[in-house]
Every structure is written in structure tokens, then in C-alpha cells.
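Peer 1: Sharing my_file.cif (mmCIF, C-alpha atoms and all ligand atoms) below.
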data_protein
#
loop_
_atom_site.label_atom_id
_atom_site.label_comp_id
_atom_site.auth_asym_id
_atom_site.auth_seq_id
_atom_site.Cartn_x
_atom_site.Cartn_y
_atom_site.Cartn_z
CA MET J 30 -17.54 28.86 4.83
CA GLU J 31 -17.74 30.53 8.20
CA LEU J 32 -14.20 31.06 9.43
CA LEU J 33 -14.83 32.98 12.63
CA LYS J 34 -17.96 33.16 14.71
CA VAL J 35 -18.13 35.35 17.77
CA ARG J 36 -21.02 35.00 20.19
CA ASN J 37 -22.12 37.24 23.02
CA LEU J 38 -18.66 38.62 23.76
CA LYS J 39 -18.55 40.72 26.94
CA LYS J 40 -15.73 42.77 28.31
CA VAL J 41 -15.88 45.06 31.31
CA PHE J 42 -12.84 46.93 32.53
CA PRO J 43 -13.68 46.72 36.23
CA LYS J 44 -11.32 49.39 37.50
CA HIS J 45 -13.10 52.17 35.63
CA LYS J 46 -16.39 50.30 35.23
CA VAL J 47 -16.25 50.57 31.45
CA THR J 48 -18.36 48.08 29.49
CA ALA J 49 -16.27 47.97 26.34
CA LEU J 50 -18.06 44.98 24.78
CA ASP J 51 -21.69 44.52 25.70
CA GLY J 52 -22.47 41.12 24.22
CA VAL J 53 -21.42 41.32 20.57
CA ASP J 54 -21.88 38.74 17.80
CA ILE J 55 -20.27 38.52 14.40
CA SER J 56 -19.74 35.96 11.70
CA ILE J 57 -16.86 36.24 9.24
CA LEU J 58 -16.68 34.20 6.06
CA LYS J 59 -13.49 32.78 4.62
CA GLY J 60 -11.94 35.07 2.02
CA GLU J 61 -14.01 38.14 2.81
CA ILE J 62 -13.04 41.59 4.01
CA CYS J 63 -15.34 42.40 6.88
CA GLY J 64 -15.35 46.00 8.03
CA LEU J 65 -15.93 47.23 11.57
CA VAL J 66 -16.69 50.92 11.96
CA GLY J 67 -17.56 53.14 14.87
CA GLU J 68 -16.50 56.23 16.75
CA SER J 69 -13.35 56.46 18.79
CA GLY J 70 -13.76 54.64 22.10
CA CYS J 71 -16.69 52.45 21.02
CA GLY J 72 -14.70 49.24 21.62
CA LYS J 73 -13.19 48.26 18.26
CA SER J 74 -9.64 47.56 19.47
CA THR J 75 -10.98 45.83 22.56
CA PHE J 76 -12.94 43.53 20.25
CA ALA J 77 -9.80 42.81 18.22
CA ARG J 78 -7.76 42.03 21.31
CA ALA J 79 -10.48 39.87 22.82
CA ILE J 80 -10.71 37.71 19.68
CA LEU J 81 -6.99 36.98 19.81
CA ARG J 82 -7.03 36.48 23.58
CA LEU J 83 -4.65 39.34 24.12
CA ILE J 84 -7.08 40.35 26.88
CA ASP J 85 -9.49 38.27 28.99
CA VAL J 86 -13.23 38.62 28.65
CA GLN J 87 -16.07 37.96 31.09
CA ASP J 88 -18.31 36.01 28.75
CA GLY J 89 -18.81 34.74 25.22
CA SER J 90 -17.16 32.49 22.68
CA VAL J 91 -14.87 32.94 19.69
CA LEU J 92 -15.20 30.00 17.34
CA TYR J 93 -12.44 29.65 14.77
CA LYS J 94 -13.34 26.82 12.41
CA GLY J 95 -15.66 25.58 15.12
CA GLN J 96 -13.09 25.58 17.94
CA ASP J 97 -13.55 27.99 20.83
CA LEU J 98 -10.34 30.02 21.12
CA LEU J 99 -11.34 31.28 24.56
CA LYS J 100 -11.59 27.78 26.04
CA MET J 101 -8.50 26.39 24.41
CA PRO J 102 -5.46 25.47 26.50
CA TYR J 103 -2.82 28.17 26.13
CA ARG J 104 -0.42 25.82 24.32
CA LYS J 105 -2.92 25.00 21.63
CA MET J 106 -3.85 28.65 21.25
CA ARG J 107 -0.20 29.48 20.69
CA GLY J 108 -0.09 27.04 17.80
CA LEU J 109 -3.19 28.61 16.31
CA ARG J 110 -1.83 32.13 16.67
CA LYS J 111 0.15 31.42 13.51
CA SER J 112 -3.12 31.46 11.59
CA LEU J 113 -4.57 34.54 13.31
CA GLN J 114 -2.59 37.75 13.10
CA ILE J 115 -3.05 41.45 13.79
CA ILE J 116 -1.72 44.62 12.21
CA PHE J 117 -1.82 47.54 14.62
CA GLN J 118 -2.86 51.12 14.11
CA ASP J 119 0.35 52.78 15.04
CA PRO J 120 3.54 51.56 13.35
CA TYR J 121 5.52 53.86 15.66
CA THR J 122 4.66 52.00 18.84
CA SER J 123 4.06 48.51 17.48
CA LEU J 124 7.72 48.04 16.54
CA ASP J 125 10.48 47.88 19.13
CA PRO J 126 12.70 50.95 18.49
CA ARG J 127 15.87 49.02 19.43
CA VAL J 128 15.30 46.05 17.15
CA LYS J 129 16.46 46.02 13.55
CA ILE J 130 14.03 45.05 10.82
CA ARG J 131 15.89 41.81 10.11
CA LYS J 132 15.46 40.64 13.67
CA THR J 133 11.82 41.72 13.91
CA ILE J 134 10.93 39.39 11.06
CA GLU J 135 13.42 36.64 11.86
CA GLU J 136 12.06 36.39 15.39
CA VAL J 137 8.72 35.25 14.01
CA PHE J 138 10.43 32.29 12.37
CA ILE J 139 12.37 31.51 15.53
CA VAL J 140 9.17 31.44 17.62
CA HIS J 141 6.92 29.63 15.17
CA GLU J 142 9.12 27.48 12.96
CA ASN J 143 12.08 25.24 13.14
CA LEU J 144 14.28 26.47 10.29
CA SER J 145 17.99 26.41 9.58
CA SER J 146 19.58 29.83 9.88
CA LYS J 147 20.09 29.95 6.13
CA GLU J 148 16.45 29.15 5.44
CA ARG J 149 15.41 31.72 8.05
CA LYS J 150 17.41 34.42 6.29
CA ARG J 151 15.89 33.48 2.96
CA ARG J 152 12.34 33.59 4.36
CA THR J 153 13.02 36.94 6.09
CA LEU J 154 14.08 38.58 2.86
CA GLU J 155 11.26 36.93 0.92
CA THR J 156 8.71 38.24 3.45
CA LEU J 157 10.09 41.79 3.27
CA GLU J 158 9.98 41.65 -0.52
CA MET J 159 6.32 40.65 -0.33
CA VAL J 160 5.54 44.08 1.15
CA GLY J 161 7.75 45.97 -1.28
CA LEU J 162 10.83 46.32 0.94
CA GLY J 163 14.19 44.80 -0.01
CA ALA J 164 17.56 43.81 1.44
CA THR J 165 18.55 47.45 2.02
CA TYR J 166 16.05 47.58 4.90
CA LEU J 167 17.37 44.58 6.83
CA GLU J 168 19.89 46.37 9.00
CA ARG J 169 17.78 49.46 9.72
CA LEU J 170 16.03 50.44 12.93
CA PRO J 171 12.36 51.52 12.89
CA SER J 172 13.47 55.14 13.39
CA GLU J 173 15.32 54.93 10.06
CA LEU J 174 12.09 54.21 8.16
CA SER J 175 9.18 56.37 7.03
CA GLY J 176 5.72 55.81 8.55
CA GLY J 177 4.54 53.93 5.49
CA GLU J 178 7.64 51.74 5.46
CA ARG J 179 7.14 50.98 9.13
CA GLN J 180 3.59 49.89 8.48
CA ARG J 181 4.92 47.64 5.69
CA VAL J 182 7.19 46.01 8.28
CA GLY J 183 4.15 45.53 10.55
CA ILE J 184 2.35 43.85 7.66
CA ALA J 185 5.40 41.69 6.87
CA ARG J 186 5.57 40.57 10.48
CA ALA J 187 1.90 39.55 10.35
CA LEU J 188 2.40 37.72 7.04
CA ALA J 189 5.50 35.84 8.15
CA THR J 190 3.54 33.02 9.79
CA GLU J 191 1.41 32.60 6.65
CA PRO J 192 -1.85 33.39 8.44
CA GLU J 193 -5.35 32.73 7.21
CA PHE J 194 -7.06 35.53 9.12
CA ILE J 195 -5.71 39.02 9.82
CA ILE J 196 -7.24 41.74 11.97
CA CYS J 197 -6.25 45.11 10.57
CA ASP J 198 -6.84 47.58 13.43
CA GLU J 199 -6.90 50.98 11.73
CA PRO J 200 -3.83 50.10 9.67
CA VAL J 201 -3.71 53.38 7.77
CA SER J 202 -5.09 55.92 10.24
CA SER J 203 -1.71 57.27 11.22
CA LEU J 204 -0.50 57.69 7.63
CA ASP J 205 -0.99 60.56 5.22
CA ILE J 206 -3.47 60.17 2.38
CA SER J 207 -1.10 59.16 -0.42
CA VAL J 208 0.64 56.57 1.75
CA GLN J 209 -2.78 55.34 2.95
CA ALA J 210 -3.66 54.47 -0.64
CA GLN J 211 -0.39 52.55 -1.13
CA ILE J 212 -0.84 50.51 2.03
CA LEU J 213 -4.51 49.79 1.25
CA ASN J 214 -3.52 48.62 -2.23
CA LEU J 215 -0.86 46.38 -0.72
CA LEU J 216 -3.37 44.89 1.75
CA MET J 217 -5.91 44.29 -1.03
CA ASP J 218 -3.30 42.73 -3.29
CA LEU J 219 -2.09 40.37 -0.54
CA GLN J 220 -5.64 39.46 0.38
CA GLU J 221 -6.35 38.37 -3.17
CA ARG J 222 -3.05 36.58 -3.76
CA LYS J 223 -3.14 34.64 -0.51
CA ASN J 224 -6.89 34.28 -0.15
CA LEU J 225 -6.74 36.00 3.24
CA THR J 226 -9.69 36.91 5.42
CA TYR J 227 -9.62 40.35 7.04
CA LEU J 228 -11.46 41.99 9.87
CA PHE J 229 -10.81 45.57 8.84
CA ILE J 230 -11.28 48.09 11.64
CA SER J 231 -11.61 51.75 10.78
CA HIS J 232 -13.44 54.91 11.68
CA ASP J 233 -13.18 56.02 8.07
CA LEU J 234 -16.33 55.05 6.18
CA GLY J 235 -14.77 56.01 2.86
CA VAL J 236 -11.96 53.50 3.33
CA VAL J 237 -14.35 50.79 4.52
CA GLY J 238 -16.71 51.39 1.60
CA SER J 239 -13.89 51.10 -0.90
CA ILE J 240 -12.38 47.83 0.31
CA CYS J 241 -14.87 45.84 2.41
CA ASP J 242 -17.46 43.29 1.30
CA ARG J 243 -19.58 43.62 4.43
CA VAL J 244 -19.56 46.04 7.31
CA THR J 245 -20.64 46.04 10.94
CA VAL J 246 -21.43 49.30 12.68
CA MET J 247 -20.45 49.54 16.34
CA ARG J 248 -21.64 51.94 18.99
CA LYS J 249 -20.78 52.03 22.68
CA GLY J 250 -19.83 48.38 22.99
CA ARG J 251 -22.65 47.07 20.80
CA PHE J 252 -23.07 46.14 17.17
CA VAL J 253 -26.00 48.12 15.80
CA GLU J 254 -26.13 46.95 12.20
CA THR J 255 -24.43 44.49 9.82
CA GLY J 256 -24.78 44.05 6.09
CA LEU J 257 -23.27 44.26 2.65
CA CYS J 258 -21.45 47.55 2.17
CA GLU J 259 -23.62 48.58 -0.75
CA ASP J 260 -26.79 48.04 1.33
CA ILE J 261 -25.55 49.77 4.47
CA PHE J 262 -24.20 52.71 2.50
CA THR J 263 -27.29 53.23 0.36
CA SER J 264 -30.05 52.26 2.82
CA PRO J 265 -28.88 52.22 6.42
CA LYS J 266 -31.58 51.01 8.80
CA HIS J 267 -30.30 52.29 12.10
CA GLU J 268 -30.46 55.96 13.02
CA TYR J 269 -26.91 55.87 14.28
CA THR J 270 -25.60 54.56 10.95
CA LYS J 271 -27.44 57.35 9.12
CA ASN J 272 -25.81 59.94 11.33
CA LEU J 273 -22.41 58.35 10.84
CA LEU J 274 -22.87 58.42 7.07
CA ASN J 275 -24.07 62.01 7.09
CA ALA J 276 -21.15 63.08 9.23
CA SER J 277 -18.69 61.43 6.87
CA ARG J 278 -20.35 63.03 3.83
CA LEU J 279 -20.05 66.44 5.48
CA HIS J 280 -16.47 65.67 6.25
CA LEU J 281 -15.76 64.73 2.64
CA ALA J 282 -17.62 67.71 1.18
N1 LIG J 301 -7.05 48.76 29.68
C1 LIG J 301 -8.18 49.48 29.79
N2 LIG J 301 -8.67 49.81 31.02
C2 LIG J 301 -9.81 50.50 31.14
N3 LIG J 301 -10.54 50.93 30.11
C3 LIG J 301 -10.11 50.65 28.87
C4 LIG J 301 -8.91 49.92 28.63
N4 LIG J 301 -8.74 49.79 27.30
C5 LIG J 301 -9.78 50.41 26.74
N5 LIG J 301 -10.62 50.94 27.66
C6 LIG J 301 -11.87 51.66 27.43
O1 LIG J 301 -12.72 50.83 26.66
C7 LIG J 301 -13.41 51.58 25.68
C8 LIG J 301 -13.12 51.03 24.30
O2 LIG J 301 -11.76 51.28 23.94
P1 LIG J 301 -11.15 50.83 22.57
O3 LIG J 301 -9.71 51.07 22.58
O4 LIG J 301 -11.61 49.43 22.29
O5 LIG J 301 -11.88 51.82 21.54
P2 LIG J 301 -11.71 51.99 19.95
O6 LIG J 301 -13.06 51.85 19.36
O7 LIG J 301 -10.64 51.08 19.46
O8 LIG J 301 -11.25 53.51 19.81
P3 LIG J 301 -10.25 54.19 18.74
O9 LIG J 301 -11.03 54.36 17.48
O10 LIG J 301 -9.94 55.53 19.35
O11 LIG J 301 -9.04 53.33 18.57
C9 LIG J 301 -12.99 53.03 25.88
O12 LIG J 301 -13.96 53.66 26.68
C10 LIG J 301 -11.68 52.92 26.62
O13 LIG J 301 -11.48 54.03 27.45
MG MG J 302 -8.76 51.41 18.54
#
Please re-express this file's structure in C-alpha cells.
Peer 2:
Amino acid sequence: MELLKVRNLKKVFPKHKVTALDGVDISILKGEICGLVGESGCGKSTFARAILRLIDVQDGSVLYKGQDLLKMPYRKMRGLRKSLQIIFQDPYTSLDPRVKIRKTIEEVFIVHENLSSKERKRRTLETLEMVGLGATYLERLPSELSGGERQRVGIARALATEPEFIICDEPVSSLDISVQAQILNLLMDLQERKNLTYLFISHDLGVVGSICDRVTVMRKGRFVETGLCEDIFTSPKHEYTKNLLNASRLHLA
């Protein structure tokens, strides 16, 4: 089943005349991990933000189960935001430094659900435990956590609303290699257990190849090629993809 279908999405930042999205299309199936790769500045995060209506676009549609998110009244979109979540690249800036972990998670339940305070506390702890953090983290500030632990909190916050679709915008880029593997394993495990659908954004082809079912290659605001990972990695059609693969092989060697 097609969960998300994006058509002809266009975004220009007028002030600096940057065309960040030049009419892009994608189709994401329920339960899959769909990769999006491309160089820094090609428009990946802009695409993520546009899908969730965190920024306005000039043209296009974003169909979620057939409903256009971009044309939806704001109230209805807010209700749907429970089902569509995002995990950001940088766990240092995506968490408020003054807010304790307990409150970061509890706030999600206050905004989206009508729970008794006891039930809210139970769900907060349960959500933290889902990402491998326990009660000892509740009263800590983000600065009292490691980078990997902070990213776990970011994941917990996204999971709290029990979403169906999560955009992971370079979720491990800011972490060192061993922590990257832990967080990727956690994301994979959650995806399987909760039958989640991911749009997984990365500039690291190795990471994308190891976890994604399909991948789309992006360049300067356009999607140049889409296919199953095994096909794109073994027989890329587009010159740009070949160069990207060669560069990553050199980097790995
Ligand atoms: N608010 C903004 N105003 C003007 N230009 C912007 C704005 N946000 C992004 N851009 C520009 O849009 C382009 C795409 O940026 P974007 O953040 O989507 O890239 P990216 O692919 O996510 O890069 P990275 O891999 O470094 O995260 C860049 O040229 C960037 O300078
Ligand atoms: Mg980005």
C-alpha cells in the first residue's frame, strides 16, 4: 500500500533565490525504509520539512493515504501530525537545554492526548524504556546526557504519539561510529516491532545500503534516480549516482 505520495513539490527560498526543491516526486510504501541520499545542500532537509508542512512550498501535493496534507485545514493537519513524526540530525539543538527529559516526553502527551497525570507518567517512562533509557534519566537535562542518549530521547519523543511514518533526517550523522550502530539498530528494531515506515535521509551510502529497502538519489533540488538498493548499488543508471558511489568507495577504502 502506498502510504505517502509526493508530486511535483517545489520550494524556492525567494530571499536568496535558491530553488531547494525543483519539482520532486516520490512514493513511499507502508512498512518500507525508503532512503534519500545526496550531497550537503541538495535539499534533503527542505524536502523533509515540506512534507510535514514545517515550511510552505510554492507548488505540489503531499498525499498521505490519499489526503493532501498541503491543502488540509491547519486543525486537521495537527491531528494528523500524531501519525507523521521527524527525528532530527542534531540531538544537541533539537532538545531544549532547559527542559528535563521527563517534561520533553510528557509534553507530547499533554499536546496530543487527554490522559490522567498518573497515566501520563506511566506512558512517559514506558516510552523512555522503549529506547533503552530508564527512570534514572527522567530528571536530567539534555546537557547531562551523552550524544547517543540525547538522540534516544529524540527518538522517544517521535515515538510517543505512536506514529505510522517517521522521517529520520540524518539521525546518526552527529554521532561517533559505535554509537551510530547502536542507534541504527534501535531504529531498525522499532521499525520491525511497530511496523513503521521510514523516510531515511543520509549522505552516507554505506548506512543507506545497510538499512534501506529502496533509495532515491537527490541532486540540486531534483531526484535523479530511484530504485531498490541492490539495483542502485550494483547498476546505477545515472552518472551522478555512479560518481557518488565511487566517491563513497574511495572514502571507505
Ligand atoms: N531558510 C532558508 N533560506 C534560504 N535558503 C535556505 C533555507 N534553508 C535552506 N536553504 C538552502 O536550500 C538548499 C537546501 O538546503 P537543505 O538544508 O535542504 O540541504 P540538505 O540536503 O539537507 O543538506 P545537509 O546534508 O547539509 O543537511 C541549500 O542551498 C540551502 O542553503
Ligand atoms: Mg539536512
Peer 1: Take the point (-22.3, 34.8, 23.0) as written in the file and pick out every residue within 6 Å of it, counting only C-alpha atoms; give the list as a PyMOL selection string.
Peer 2: chain J and resi 36-38+89-90
Peer 1: Between J:Glu168, J:Arg82, J:Ile240, J:Ser202, which one has atoms that come closest to J:Pro102, using all atoms listed in the file?
Peer 2: J:Arg82
Peer 1: So, counting only C-alpha atoms and all ligand atoms, which residue among J:Lys271, J:Lys44, J:Lys266, J:His232 is closest to ligand MG 302 (chain J)?
Peer 2: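 Checking each of J:Lys271, J:Lys44, J:Lys266, J:His232 against ligand MG 302 (chain J), counting only C-alpha atoms and all ligand atoms, the winner is J:His232.
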Peer 1: From the options J:Gly183, J:Pro265, J:Gly52, J:Pro171, which residue's atoms come nearest to J:Val128, counting all atoms listed in the file?
Peer 2: J:Pro171
Peer 1: Given a cut-off of 7 Å, what residues near ligand LIG 301 (chain J) show up using all atoms listed in the file, put as a PyMOL selection string?
Peer 2: chain J and resi 42+44-45+47-49+67-76+232
Peer 1: For the selection you just gave me, I'd like the residues written to a file as a CSV table (one decimal), in the frame of the given file, keeping C-alpha atoms.
Peer 2:
chain,number,residue,atom,x,y,z
J,42,PHE,CA,-12.8,46.9,32.5
J,44,LYS,CA,-11.3,49.4,37.5
J,45,HIS,CA,-13.1,52.2,35.6
J,47,VAL,CA,-16.2,50.6,31.4
J,48,THR,CA,-18.4,48.1,29.5
J,49,ALA,CA,-16.3,48.0,26.3
J,67,GLY,CA,-17.6,53.1,14.9
J,68,GLU,CA,-16.5,56.2,16.8
J,69,SER,CA,-13.4,56.5,18.8
J,70,GLY,CA,-13.8,54.6,22.1
J,71,CYS,CA,-16.7,52.4,21.0
J,72,GLY,CA,-14.7,49.2,21.6
J,73,LYS,CA,-13.2,48.3,18.3
J,74,SER,CA,-9.6,47.6,19.5
J,75,THR,CA,-11.0,45.8,22.6
J,76,PHE,CA,-12.9,43.5,20.2
J,232,HIS,CA,-13.4,54.9,11.7
Peer 1: Determine the nearest neighbour of J:Leu33 from the options J:Asp260, J:Glu61, J:Glu135, J:Asp51, counting all atoms listed in the file.
Peer 2: J:Glu61
